[in-house]
Amino acid sequence: MTLTLITYDWLPEFPRGFVRDLRVRWVLEELGRPYLVETVPAHPRSEAHREMQPFAQVPVIRDGELTLFESGAILMHLGEGTALLPGPRRAEVTQWLFAALNTVEIAVIRWETMVLAERIPEFFGPAPAGEVTAHARQELDTKLAALEQAVAERDWLAGAFSIADVAMTEVLRVPESEGALEGYPVLSDYVARAAARPAFKKAMADHMGHWQQADAARAASGQA
Ligand SMILES: N[C@@H](CCC(=O)N[C@@H](CS)C(=O)NCC(=O)O)C(=O)O
């Protein structure tokens, strides 16, 4: 059955490499599932987009008759019954998937948004007071320190590599890119181990290729 991944038509440089279509691409590569890519306009968002995703965000997938949004739900749908979300470990994998998205990612986004507000105020500003960012960093460090201990006891979160590791790695790559995993050697090794997987490398290459093609299309139409 043809699977279609829907992402934005173009985005500026700073989110590239971190847009959440990447986690979907990664799972599809792990599963060896071919897919098509369709785009929705980033500016302005379209009604057709809102009909698929009420918040006009990405990613969205279309799998046969089913249209699905929320990256966690998409990962579960794709992983269901495969080695990435096997029946006997379903509850444990789901627990770690939610930990990635609902515990760690929340702390990451809160802090990262403040960091970006300082760096790119035209998109994320106004920058918060320094002590607000410092507090967000402390909260993030609390989560990272706990995760460092938990991951020290295992290679992968739920026994074998799963959709939870895809989600957690994608979440941790954000603080890693800001140097905030220094001091967390276990988490740094975990991210490196996951990102060394051929499926991640292929997904990342295709993800970046998508934005390069989008740049070329804009240049050809005189928009760049
Ligand atoms: N909880 C959603 C978050 C989706 C999300 O924030 N997507 C970003 C791209 S990575 C987006 O579309 N941002 C634009 C916006 O929020 O308007 C998910 O995991 O799918």
# chains A, B, ... in the order shown; residues from 1 in each chain; ligands from 1
>>> residues_around(residues="stretch 165-171 of chain A", least_positions_apart="2", cutoff="8 Å", atoms="only C-alpha atoms", output="ChimeraX atom specification")
/A:18,23,26-27,72,97,100-101,104-105,108,156-157,161-163,173-175,190-191,194-195
>>> closest_atom_pairs(of="stretch 7-64 of chain A", to="stretch 78-86 of chain A", cutoff="9 Å", atoms="only C-alpha atoms", output="CSV")
residue,atom,partner,partner_atom,distance
A:Val24,CA,A:Leu78,CA,8.6
A:Val27,CA,A:Leu78,CA,7.5
A:Leu28,CA,A:Leu78,CA,7.6
A:Glu30,CA,A:Leu84,CA,8.4
A:Leu31,CA,A:Thr82,CA,8.1
>>> residues_around(residues="stretch 64-69 of chain A", least_positions_apart="5", cutoff="9 Å", atoms="only C-alpha atoms", output="CSV table (one decimal) with C-alpha atoms, in the first residue's frame")
chain,number,residue,atom,x,y,z
A,1,MET,CA,0.0,0.0,0.0
A,2,THR,CA,1.4,3.4,-1.0
A,3,LEU,CA,2.4,5.5,2.0
A,4,THR,CA,2.8,9.3,1.7
A,52,MET,CA,-5.4,16.9,7.8
A,53,GLN,CA,-3.7,18.5,10.8
A,54,PRO,CA,-5.9,20.8,12.9
A,57,GLN,CA,1.8,21.3,11.7
A,58,VAL,CA,3.9,18.5,10.2
A,59,PRO,CA,4.3,15.6,9.9
A,74,ILE,CA,2.5,7.9,13.4
A,77,HIS,CA,1.0,3.1,13.6
>>> closest_residue(among="A:Val151, A:Ala99, A:Ile106, A:Ala48", to="ligand 1", atoms="only C-alpha atoms and all ligand atoms")
A:Ile106
>>> closest_residue(among="A:Lys201, A:Arg33, A:Glu38, A:Ile61", to="ligand 1", atoms="only C-alpha atoms and all ligand atoms")
A:Ile61
>>> closest_residue(among="A:Pro198, A:Gly32, A:Gly17, A:Pro88", to="ligand 1", atoms="only C-alpha atoms and all ligand atoms")
A:Gly17
>>> atom_distance(atom1="atom CA of A:Thr142", atom2="atom CA of A:Arg197")
28.1 Å
>>> atom_distance(atom1="atom 20 (O, counted along the ligand's line) of ligand 1", atom2="atom CA of A:Phe200")
18.3 Å
>>> residues_around(residues="A:Pro185", least_positions_apart="4", cutoff="12 Å", atoms="only C-alpha atoms", output="PyMOL selection string")
chain A and resi 144-145+147-149+151-152+176+179-181+189-192
>>> select_by_dssp(residues="stretch 3-224 of chain A", states="strand (DSSP E or B)", output="list of chain:residue names")
A:Leu3, A:Thr4, A:Leu5, A:Ile6, A:Thr7, A:Tyr8, A:Leu36, A:Val37, A:Glu38, A:Thr39, A:Val40, A:Val60, A:Ile61, A:Arg62, A:Asp63, A:Leu66, A:Thr67, A:Leu68, A:Phe69, A:Glu80, A:Leu85
>>> select_by_dssp(residues="stretch 36-173 of chain A", states="alpha helix (DSSP H)", output="VMD selection string")
chain A and resid 47 to 52 71 to 79 90 to 98 105 to 119 121 to 124 130 to 152 163 to 173
>>> residues_around(residues="A:Pro44", least_positions_apart="6", cutoff="12 Å", atoms="only C-alpha atoms", output="number ranges by chain")
A: 8-10, 50, 56-57
>>> atom_distance(atom1="atom 4 (C, counted along the ligand's line) of ligand 1", atom2="atom CA of A:Ser71")
6.9 Å
>>> residues_around(residues="stretch 209-213 of chain A", least_positions_apart="3", cutoff="10 Å", atoms="only C-alpha atoms", output="ChimeraX atom specification")
/A:7-13,16-17,37,203-206,216-219
>>> closest_residue(among="A:Phe98, A:Trp111, A:Phe123, A:Phe55", to="ligand 1", atoms="only C-alpha atoms and all ligand atoms")
A:Phe55
